[in-house]
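Okay, model10.txt now, which holds compact mmCIF, C-alpha atoms and all ligand atoms:
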# COMPACT_ATOMS: atom_id res chain seq x y z
CA MET A 1 8.20 14.43 -1.94
CA VAL A 2 6.43 11.56 -3.69
CA LEU A 3 7.13 8.09 -2.35
CA ILE A 4 5.84 4.86 -3.79
CA LEU A 5 5.77 1.72 -1.66
CA MET A 6 5.77 -1.43 -3.77
CA GLY A 7 5.87 -5.14 -3.16
CA PRO A 8 3.57 -8.16 -2.87
CA PRO A 9 0.48 -8.12 -0.64
CA GLY A 10 1.64 -8.46 2.96
CA CYS A 11 5.16 -7.12 2.37
CA GLY A 12 4.54 -4.33 4.89
CA LYS A 13 3.51 -1.41 2.66
CA GLY A 14 0.70 -0.36 4.99
CA THR A 15 2.74 -0.76 8.17
CA GLN A 16 5.70 1.18 6.81
CA SER A 17 3.75 3.89 5.02
CA LYS A 18 1.75 4.67 8.19
CA MET A 19 5.06 5.17 10.02
CA LEU A 20 6.43 7.27 7.15
CA GLU A 21 3.26 9.38 7.17
CA GLU A 22 3.88 10.27 10.79
CA HIS A 23 7.64 10.76 10.39
CA TYR A 24 7.55 12.99 7.31
CA GLY A 25 4.14 14.61 7.87
CA LEU A 26 2.85 13.62 4.45
CA PRO A 27 -0.47 11.86 3.80
CA GLN A 28 -0.49 8.14 3.08
CA LEU A 29 -2.73 7.41 0.11
CA ALA A 30 -3.67 3.75 0.48
CA THR A 31 -5.80 2.64 -2.43
CA GLY A 32 -7.04 -0.48 -0.61
CA ASP A 33 -8.12 1.58 2.45
CA MET A 34 -9.87 4.09 0.20
CA LEU A 35 -11.73 1.31 -1.64
CA ARG A 36 -12.75 -0.45 1.58
CA GLU A 37 -14.07 2.88 2.88
CA ALA A 38 -16.05 3.30 -0.34
CA VAL A 39 -17.49 -0.22 0.01
CA LYS A 40 -18.45 0.51 3.64
CA ASN A 41 -20.17 3.75 2.62
CA GLY A 42 -21.97 2.07 -0.28
CA THR A 43 -20.75 4.60 -2.86
CA GLU A 44 -20.71 4.00 -6.61
CA VAL A 45 -16.91 3.44 -6.46
CA GLY A 46 -17.38 0.89 -3.67
CA ARG A 47 -20.13 -0.89 -5.58
CA ARG A 48 -17.90 -1.21 -8.64
CA ALA A 49 -14.77 -2.27 -6.72
CA LYS A 50 -16.27 -4.82 -4.34
CA GLU A 51 -16.60 -7.80 -6.68
CA TYR A 52 -12.93 -7.51 -7.69
CA MET A 53 -11.68 -7.14 -4.12
CA ASP A 54 -13.69 -10.14 -2.93
CA ARG A 55 -11.96 -12.45 -5.37
CA GLY A 56 -8.48 -10.95 -5.03
CA ALA A 57 -8.47 -9.39 -8.50
CA LEU A 58 -7.49 -5.80 -9.27
CA GLY A 59 -10.23 -3.23 -9.77
CA PRO A 60 -10.57 -1.56 -13.20
CA ASP A 61 -7.73 0.84 -14.05
CA ASP A 62 -10.06 3.71 -15.07
CA LEU A 63 -11.89 3.58 -11.74
CA ILE A 64 -8.71 3.44 -9.64
CA ILE A 65 -7.00 6.20 -11.64
CA GLU A 66 -10.01 8.49 -11.24
CA VAL A 67 -10.12 7.90 -7.48
CA MET A 68 -6.39 8.69 -7.19
CA ARG A 69 -6.59 11.74 -9.45
CA GLU A 70 -9.25 13.22 -7.20
CA ARG A 71 -7.32 12.36 -4.03
CA MET A 72 -3.97 13.77 -5.21
CA GLY A 73 -5.61 17.03 -6.14
CA ARG A 74 -6.66 17.77 -2.56
CA LYS A 75 -4.97 20.42 -0.44
CA ASP A 76 -3.23 18.07 1.97
CA CYS A 77 -1.26 16.64 -0.97
CA ALA A 78 0.35 19.97 -1.88
CA ASP A 79 3.75 19.06 -0.37
CA GLY A 80 3.65 15.46 -1.57
CA PHE A 81 2.31 12.08 -0.49
CA ILE A 82 3.11 8.43 0.12
CA LEU A 83 1.50 5.98 -2.28
CA ASP A 84 0.59 2.61 -0.76
CA GLY A 85 -0.87 0.15 -3.26
CA PHE A 86 -0.81 2.40 -6.32
CA PRO A 87 0.25 2.02 -9.09
CA ARG A 88 -0.38 -1.71 -9.50
CA THR A 89 -0.46 -2.06 -13.30
CA PRO A 90 1.55 -0.56 -16.17
CA ALA A 91 -1.52 1.50 -17.18
CA GLN A 92 -1.74 2.95 -13.66
CA ALA A 93 1.98 3.74 -13.69
CA GLU A 94 1.57 5.59 -16.95
CA ALA A 95 -1.43 7.52 -15.63
CA LEU A 96 0.51 8.40 -12.48
CA GLY A 97 3.30 9.83 -14.62
CA GLY A 98 0.76 12.13 -16.31
CA LEU A 99 -0.89 13.14 -13.02
CA LEU A 100 2.48 14.02 -11.46
CA LYS A 101 3.40 16.09 -14.47
CA GLU A 102 0.15 18.06 -14.10
CA LEU A 103 0.95 18.58 -10.41
CA GLY A 104 4.57 19.56 -11.17
CA LYS A 105 5.97 16.73 -9.05
CA ASN A 106 8.58 14.01 -9.51
CA ILE A 107 8.86 10.58 -7.94
CA THR A 108 11.39 10.80 -5.08
CA ALA A 109 11.79 7.03 -4.71
CA VAL A 110 10.03 3.75 -5.37
CA VAL A 111 10.69 1.54 -2.35
CA ASN A 112 10.34 -2.12 -3.27
CA LEU A 113 9.91 -4.38 -0.23
CA ASP A 114 11.05 -7.89 -0.99
CA VAL A 115 9.34 -10.70 0.97
CA ALA A 116 9.08 -14.44 0.13
CA ASP A 117 5.68 -15.97 -0.67
CA GLU A 118 5.51 -18.24 2.38
CA GLU A 119 6.20 -15.28 4.67
CA VAL A 120 3.44 -13.33 2.89
CA VAL A 121 0.96 -16.13 3.61
CA ARG A 122 1.98 -16.25 7.30
CA ARG A 123 1.65 -12.48 7.60
CA LEU A 124 -1.70 -12.10 5.88
CA ALA A 125 -3.28 -15.10 7.60
CA GLY A 126 -2.55 -13.47 10.98
CA ARG A 127 -3.21 -9.87 9.98
CA ARG A 128 -5.82 -7.89 11.87
CA ALA A 129 -6.94 -4.54 10.52
CA CYS A 130 -8.54 -1.43 11.94
CA LEU A 131 -11.14 -0.37 9.41
CA SER A 132 -11.51 2.92 11.24
CA CYS A 133 -7.95 4.35 11.01
CA GLY A 134 -6.23 1.85 8.69
CA ALA A 135 -3.67 0.59 11.24
CA THR A 136 -2.60 -3.04 10.84
CA TYR A 137 -1.51 -5.63 13.38
CA HIS A 138 -0.45 -9.26 13.42
CA ILE A 139 -1.65 -11.70 16.06
CA ALA A 140 1.94 -12.96 16.63
CA PHE A 141 4.38 -10.54 14.94
CA SER A 142 2.84 -7.19 15.87
CA PRO A 143 -0.02 -7.64 18.35
CA PRO A 144 -2.12 -4.75 19.67
CA LYS A 145 -1.72 -3.83 23.37
CA ALA A 146 -5.30 -4.89 24.14
CA GLU A 147 -6.54 -7.94 22.25
CA GLY A 148 -8.88 -7.10 19.38
CA ARG A 149 -8.64 -3.29 19.86
CA CYS A 150 -6.72 -0.72 17.83
CA ASP A 151 -3.90 0.94 19.83
CA LYS A 152 -4.37 4.19 17.94
CA CYS A 153 -8.13 4.72 17.93
CA GLY A 154 -9.66 1.97 20.10
CA ALA A 155 -11.85 0.57 17.30
CA LYS A 156 -12.49 -3.16 17.01
CA LEU A 157 -9.94 -5.07 14.89
CA VAL A 158 -11.17 -7.37 12.14
CA GLN A 159 -9.76 -10.00 9.84
CA ARG A 160 -10.17 -8.80 6.26
CA SER A 161 -12.40 -11.10 4.23
CA ASP A 162 -9.73 -11.30 1.51
CA ASP A 163 -7.07 -12.47 4.01
CA ASN A 164 -7.91 -16.18 3.60
CA GLU A 165 -5.42 -18.61 2.10
CA GLY A 166 -7.21 -19.08 -1.25
CA THR A 167 -7.58 -15.35 -1.93
CA ILE A 168 -4.03 -14.69 -0.67
CA ARG A 169 -2.64 -17.13 -3.30
CA GLU A 170 -4.76 -15.46 -5.97
CA ARG A 171 -3.51 -11.99 -4.95
CA LEU A 172 0.08 -13.25 -5.12
CA SER A 173 -0.40 -14.52 -8.66
CA VAL A 174 -2.12 -11.26 -9.66
CA TYR A 175 0.84 -9.41 -8.15
CA ARG A 176 3.32 -11.46 -10.18
CA ALA A 177 1.41 -11.06 -13.44
CA GLN A 178 0.28 -7.43 -13.24
CA THR A 179 2.32 -5.52 -10.65
CA ALA A 180 5.80 -7.08 -10.63
CA PRO A 181 6.54 -5.73 -14.17
CA LEU A 182 6.60 -2.23 -12.62
CA ILE A 183 9.79 -3.15 -10.78
CA SER A 184 11.80 -3.23 -14.00
CA LEU A 185 9.96 -0.19 -15.32
CA TYR A 186 10.94 1.93 -12.32
CA GLY A 187 14.38 0.31 -12.38
CA LYS A 188 14.91 1.69 -15.88
CA GLN A 189 13.77 5.13 -14.72
CA GLY A 190 16.40 5.00 -11.96
CA ALA A 191 13.83 5.47 -9.18
CA LEU A 192 13.79 1.94 -7.75
CA ARG A 193 15.22 1.24 -4.28
CA ASN A 194 15.12 -2.41 -3.16
CA VAL A 195 14.76 -3.00 0.57
CA GLU A 196 14.80 -6.41 2.25
CA GLY A 197 11.28 -6.67 3.70
CA THR A 198 11.99 -9.42 6.24
CA GLY A 199 13.26 -8.48 9.70
CA SER A 200 12.05 -6.13 12.42
CA ILE A 201 9.46 -3.50 11.48
CA LYS A 202 11.62 -0.81 13.08
CA GLY A 203 14.80 -1.97 11.32
CA ILE A 204 13.08 -1.85 7.94
CA PHE A 205 11.64 1.59 8.73
CA GLU A 206 15.12 2.92 9.56
CA LYS A 207 16.50 1.57 6.28
CA ILE A 208 13.71 3.27 4.31
CA CYS A 209 14.18 6.60 6.15
CA SER A 210 17.91 6.59 5.53
CA LEU A 211 17.50 6.04 1.81
CA ILE A 212 14.82 8.76 1.60
CA ASP A 213 16.99 11.20 3.54
CA LYS A 214 19.86 10.48 1.16
CA GLU A 215 17.54 11.10 -1.81
CA MET A 216 16.39 14.42 -0.30
CA ARG A 217 19.97 15.64 0.21
CA GLN A 218 20.77 15.25 -3.48
P1 LIG B 301 0.67 -4.71 3.02
O1 LIG B 301 0.09 -3.34 3.24
O2 LIG B 301 1.89 -4.68 2.14
O3 LIG B 301 -0.34 -5.70 2.54
P2 LIG B 301 0.86 -4.85 5.95
O4 LIG B 301 1.64 -3.66 6.34
O5 LIG B 301 -0.61 -4.83 6.17
O6 LIG B 301 1.22 -5.25 4.41
O7 LIG B 301 1.51 -6.12 6.69
C1 LIG B 301 0.95 -7.43 6.54
C2 LIG B 301 0.98 -8.16 7.89
O8 LIG B 301 2.33 -8.42 8.26
C3 LIG B 301 0.38 -7.37 9.02
O9 LIG B 301 -0.27 -8.27 9.88
C4 LIG B 301 1.59 -6.72 9.71
O10 LIG B 301 1.37 -6.49 11.09
C5 LIG B 301 2.67 -7.77 9.49
N1 LIG B 301 4.01 -7.22 9.29
C6 LIG B 301 4.37 -6.06 8.68
N2 LIG B 301 5.71 -5.90 8.66
C7 LIG B 301 6.23 -7.01 9.28
C8 LIG B 301 7.57 -7.44 9.57
N3 LIG B 301 8.63 -6.71 9.23
N4 LIG B 301 7.71 -8.62 10.21
C9 LIG B 301 6.63 -9.37 10.56
N5 LIG B 301 5.34 -9.02 10.30
C10 LIG B 301 5.14 -7.85 9.66
P1 LIG B 302 -2.78 -5.54 0.43
O1 LIG B 302 -2.67 -4.85 1.74
O2 LIG B 302 -3.02 -7.00 0.59
O3 LIG B 302 -1.65 -5.21 -0.50
P2 LIG B 302 -4.74 -3.59 -0.45
O4 LIG B 302 -5.44 -3.21 0.79
O5 LIG B 302 -3.70 -2.66 -0.95
O6 LIG B 302 -4.13 -5.05 -0.26
O7 LIG B 302 -5.78 -3.85 -1.61
C1 LIG B 302 -6.88 -4.69 -1.40
C2 LIG B 302 -7.64 -4.89 -2.71
O8 LIG B 302 -8.08 -3.61 -3.24
C3 LIG B 302 -6.82 -5.49 -3.86
O9 LIG B 302 -6.79 -6.92 -3.79
C4 LIG B 302 -7.59 -4.98 -5.08
O10 LIG B 302 -8.79 -5.71 -5.29
C5 LIG B 302 -7.97 -3.57 -4.64
N1 LIG B 302 -6.93 -2.60 -5.03
C6 LIG B 302 -6.11 -1.91 -4.18
N2 LIG B 302 -5.27 -1.13 -4.87
C7 LIG B 302 -5.56 -1.30 -6.18
C8 LIG B 302 -5.03 -0.78 -7.39
N3 LIG B 302 -4.03 0.12 -7.41
N4 LIG B 302 -5.57 -1.22 -8.56
C9 LIG B 302 -6.57 -2.10 -8.58
N5 LIG B 302 -7.11 -2.64 -7.48
C10 LIG B 302 -6.62 -2.25 -6.28
ZN ZN B 303 -7.58 2.31 14.50

Can you dump the structure from the file as structure tokens?
Amino acid sequence: MVLILMGPPGCGKGTQSKMLEEHYGLPQLATGDMLREAVKNGTEVGRRAKEYMDRGALGPDDLIIEVMRERMGRKDCADGFILDGFPRTPAQAEALGGLLKELGKNITAVVNLDVADEEVVRRLAGRRACLSCGATYHIAFSPPKAEGRCDKCGAKLVQRSDDNEGTIRERLSVYRAQTAPLISLYGKQGALRNVEGTGSIKGIFEKICSLIDKEMRQ
């Protein structure tokens, strides 16, 4: 099974794909988490990606595609995976098509989470992230049990440096210009499934699971 979670920054891709990872037992491949890890470890990939991430721009396609090619080839991806934050450009979508062909896999569904801009700003401004396990929280909408600590691994929660209003607006305009065109592309391929991204986290999760289960029965 290959799932793609799409939608603007803050639509809930990370939150939902973590839950889907647990529910279906497939790895979540979150490009942003992988890049932040690379930045933290001071690798060549991290060094190249950092300047783009800091200003809310997308990293270079060739770099991102190479990182994902390597990741999808690992053993834990044999039964499939959940893509969170990839592809984000038409070139990445095309490369993904080629990679899946090599792996003998098809896209099961592209779940597009629809959330209005003002809600995105509210969500990202209050987001707190665990840089250790990738879990995300919101100070009002989805708070951790103990303030400032990750429920899952106990690590300290941080506010991402790109979750400030200026960079959030920039990421939204980058999304509209470079990523939103993929919605019609996957629509034409018949893989697109639109899901209303506003409402309870659990309610949205149940909607996604029911459409995946329907897809798997066919
Ligand atoms: P993305 O990975 O798409 O950027 P996240 O999953 O990190 O989005 O969610 C962004 C923020 O919004 C986080 O603080 C998260 O806790 C919160 N959030 C996620 N889903 C919902 C929801 N359905 N309602 C309210 N807040 C949400
Ligand atoms: P969000 O949760 O707000 O959607 P991510 O954590 O997915 O953000 O990504 C954070 C940053 O990492 C992006 O603003 C971009 O700089 C970089 N990035 C993540 N995924 C990609 C991608 N597929 N292509 C290019 N850059 C990416
Ligand atoms: Zn954690």

At most 7 Å is the cut-off: for each residue in region 142-177 of chain A with any atom that close to an atom of region 118-127 of chain A, write down the nearest atom pair and the distance in Å rounded to one decimal, counting only C-alpha atoms, chain first then increasing number, as a Markdown table.
| residue | atom | partner | partner_atom | distance |
| --- | --- | --- | --- | --- |
| A:Gln159 | CA | A:Arg127 | CA | 6.6 |
| A:Asp163 | CA | A:Leu124 | CA | 5.7 |
| A:Asn164 | CA | A:Ala125 | CA | 6.2 |
| A:Glu165 | CA | A:Ala125 | CA | 6.9 |
| A:Ile168 | CA | A:Val121 | CA | 6.7 |

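With all atoms listed in the file as the basis for measurement, A:Leu29 is the residue among A:Met53, A:Leu29, A:Ala146, A:Gly7 that approaches Met72 (chain A) most closely.
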
> So which residues are near ligand LIG 302 (chain B), meaning at most 8 Å away with only C-alpha atoms and all ligand atoms counted, given back as a ChimeraX atom specification?
Replying inline: /A:7-14,30-33,35-36,49-50,52-61,64-65,84-89,92,124,162-163,168,171

>> Can you tell me which residues surround region 98-106 of chain A at a distance of at most 10 Å, considering all atoms listed in the file, apart from same-chain residues fewer than 5 positions away, and format the answer as number ranges by chain?
In response: A: 1-3, 65, 68-69, 72-73, 77-80, 92-93

Closest atom pairs, residues of chain A within 10 Å of ligand ZN 303 (chain B), all atoms listed in the file, as CSV:
residue,atom,partner,partner_atom,distance
A:Ala129,CA,B:ZN303,ZN,7.9
A:Cys130,CA,B:ZN303,ZN,4.6
A:Leu131,CA,B:ZN303,ZN,6.8
A:Ser132,CA,B:ZN303,ZN,5.1
A:Cys133,CA,B:ZN303,ZN,4.1
A:Gly134,CA,B:ZN303,ZN,6.0
A:Ala135,CA,B:ZN303,ZN,5.4
A:Thr136,CA,B:ZN303,ZN,8.2
A:Arg149,CA,B:ZN303,ZN,7.8
A:Cys150,CA,B:ZN303,ZN,4.6
A:Asp151,CA,B:ZN303,ZN,6.6
A:Lys152,CA,B:ZN303,ZN,5.1
A:Cys153,CA,B:ZN303,ZN,4.2
A:Gly154,CA,B:ZN303,ZN,6.0
A:Ala155,CA,B:ZN303,ZN,5.4
A:Lys156,CA,B:ZN303,ZN,7.8
A:Leu157,CA,B:ZN303,ZN,7.8

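The coordinates place CA of Glu70 (chain A) at 15.0 Å from CA of Thr43 (chain A).
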
> With all atoms listed in the file as the basis for distance, which of A:Leu5, A:Pro90, A:Arg169, A:Ala191 is at the shortest distance from ligand LIG 301 (chain B)?
Replying inline: A:Leu5

>> Please determine, counting all atoms listed in the file, which residue among A:Ile201, A:Ala91, A:Met34, A:Ile139 has the shortest atom-to-atom distance to ligand LIG 301 (chain B).
In response: A:Ile201

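Residue nearest ligand LIG 301 (chain B), chosen from A:Lys40, A:Arg71, A:Lys18, A:Lys188 and counting all atoms listed in the file: A:Lys18.
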
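Take CA of Ile107 (chain A) and CA of Gly46 (chain A): the distance between them is 28.3 Å.
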
Can you patch up region 119-140 of chain A, filling it in to N, CA and C atoms, and show the result as a PDB file, in the coordinates of the input?
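What follows is the written file selection01.pdb:
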ATOM      1  N   GLU A 119       6.273 -16.298   3.619  1.00  0.00           N
ATOM      2  CA  GLU A 119       6.200 -15.280   4.670  1.00  0.00           C
ATOM      3  C   GLU A 119       4.957 -14.415   4.464  1.00  0.00           C
ATOM      4  N   VAL A 120       4.640 -14.111   3.212  1.00  0.00           N
ATOM      5  CA  VAL A 120       3.440 -13.330   2.890  1.00  0.00           C
ATOM      6  C   VAL A 120       2.194 -14.056   3.412  1.00  0.00           C
ATOM      7  N   VAL A 121       2.129 -15.355   3.174  1.00  0.00           N
ATOM      8  CA  VAL A 121       0.960 -16.130   3.610  1.00  0.00           C
ATOM      9  C   VAL A 121       0.852 -16.093   5.134  1.00  0.00           C
ATOM     10  N   ARG A 122       1.988 -16.292   5.828  1.00  0.00           N
ATOM     11  CA  ARG A 122       1.980 -16.250   7.300  1.00  0.00           C
ATOM     12  C   ARG A 122       1.514 -14.876   7.802  1.00  0.00           C
ATOM     13  N   ARG A 123       2.007 -13.842   7.148  1.00  0.00           N
ATOM     14  CA  ARG A 123       1.650 -12.480   7.600  1.00  0.00           C
ATOM     15  C   ARG A 123       0.178 -12.178   7.376  1.00  0.00           C
ATOM     16  N   LEU A 124      -0.309 -12.486   6.185  1.00  0.00           N
ATOM     17  CA  LEU A 124      -1.700 -12.100   5.880  1.00  0.00           C
ATOM     18  C   LEU A 124      -2.704 -12.957   6.644  1.00  0.00           C
ATOM     19  N   ALA A 125      -2.351 -14.226   6.877  1.00  0.00           N
ATOM     20  CA  ALA A 125      -3.280 -15.100   7.600  1.00  0.00           C
ATOM     21  C   ALA A 125      -3.462 -14.608   9.043  1.00  0.00           C
ATOM     22  N   GLY A 126      -2.435 -13.949   9.601  1.00  0.00           N
ATOM     23  CA  GLY A 126      -2.550 -13.470  10.980  1.00  0.00           C
ATOM     24  C   GLY A 126      -2.781 -11.972  11.087  1.00  0.00           C
ATOM     25  N   ARG A 127      -3.017 -11.329   9.958  1.00  0.00           N
ATOM     26  CA  ARG A 127      -3.210  -9.870   9.980  1.00  0.00           C
ATOM     27  C   ARG A 127      -4.570  -9.512  10.582  1.00  0.00           C
ATOM     28  N   ARG A 128      -4.566  -8.454  11.382  1.00  0.00           N
ATOM     29  CA  ARG A 128      -5.820  -7.890  11.870  1.00  0.00           C
ATOM     30  C   ARG A 128      -5.791  -6.416  11.503  1.00  0.00           C
ATOM     31  N   ALA A 129      -6.919  -5.910  11.030  1.00  0.00           N
ATOM     32  CA  ALA A 129      -6.940  -4.540  10.520  1.00  0.00           C
ATOM     33  C   ALA A 129      -7.941  -3.681  11.280  1.00  0.00           C
ATOM     34  N   CYS A 130      -7.593  -2.397  11.386  1.00  0.00           N
ATOM     35  CA  CYS A 130      -8.540  -1.430  11.940  1.00  0.00           C
ATOM     36  C   CYS A 130      -9.190  -0.738  10.742  1.00  0.00           C
ATOM     37  N   LEU A 131     -10.481  -0.965  10.578  1.00  0.00           N
ATOM     38  CA  LEU A 131     -11.140  -0.370   9.410  1.00  0.00           C
ATOM     39  C   LEU A 131     -11.465   1.101   9.675  1.00  0.00           C
ATOM     40  N   SER A 132     -11.213   1.540  10.906  1.00  0.00           N
ATOM     41  CA  SER A 132     -11.510   2.920  11.240  1.00  0.00           C
ATOM     42  C   SER A 132     -10.339   3.844  10.898  1.00  0.00           C
ATOM     43  N   CYS A 133      -9.096   3.461  11.293  1.00  0.00           N
ATOM     44  CA  CYS A 133      -7.950   4.350  11.010  1.00  0.00           C
ATOM     45  C   CYS A 133      -6.935   3.734  10.060  1.00  0.00           C
ATOM     46  N   GLY A 134      -7.129   2.461   9.671  1.00  0.00           N
ATOM     47  CA  GLY A 134      -6.230   1.850   8.690  1.00  0.00           C
ATOM     48  C   GLY A 134      -4.991   1.199   9.285  1.00  0.00           C
ATOM     49  N   ALA A 135      -4.838   1.229  10.613  1.00  0.00           N
ATOM     50  CA  ALA A 135      -3.670   0.590  11.240  1.00  0.00           C
ATOM     51  C   ALA A 135      -3.763  -0.930  11.055  1.00  0.00           C
ATOM     52  N   THR A 136      -2.584  -1.585  10.948  1.00  0.00           N
ATOM     53  CA  THR A 136      -2.600  -3.040  10.840  1.00  0.00           C
ATOM     54  C   THR A 136      -1.774  -3.676  11.937  1.00  0.00           C
ATOM     55  N   TYR A 137      -2.179  -4.866  12.328  1.00  0.00           N
ATOM     56  CA  TYR A 137      -1.510  -5.630  13.380  1.00  0.00           C
ATOM     57  C   TYR A 137      -1.342  -7.054  12.906  1.00  0.00           C
ATOM     58  N   HIS A 138      -0.560  -7.828  13.689  1.00  0.00           N
ATOM     59  CA  HIS A 138      -0.450  -9.260  13.420  1.00  0.00           C
ATOM     60  C   HIS A 138      -0.588  -9.973  14.758  1.00  0.00           C
ATOM     61  N   ILE A 139      -1.375 -11.043  14.782  1.00  0.00           N
ATOM     62  CA  ILE A 139      -1.650 -11.700  16.060  1.00  0.00           C
ATOM     63  C   ILE A 139      -0.362 -12.163  16.764  1.00  0.00           C
ATOM     64  N   ALA A 140       0.679 -12.532  15.996  1.00  0.00           N
ATOM     65  CA  ALA A 140       1.940 -12.960  16.630  1.00  0.00           C
ATOM     66  C   ALA A 140       3.070 -11.951  16.446  1.00  0.00           C
TER      67      ALA A 140
END
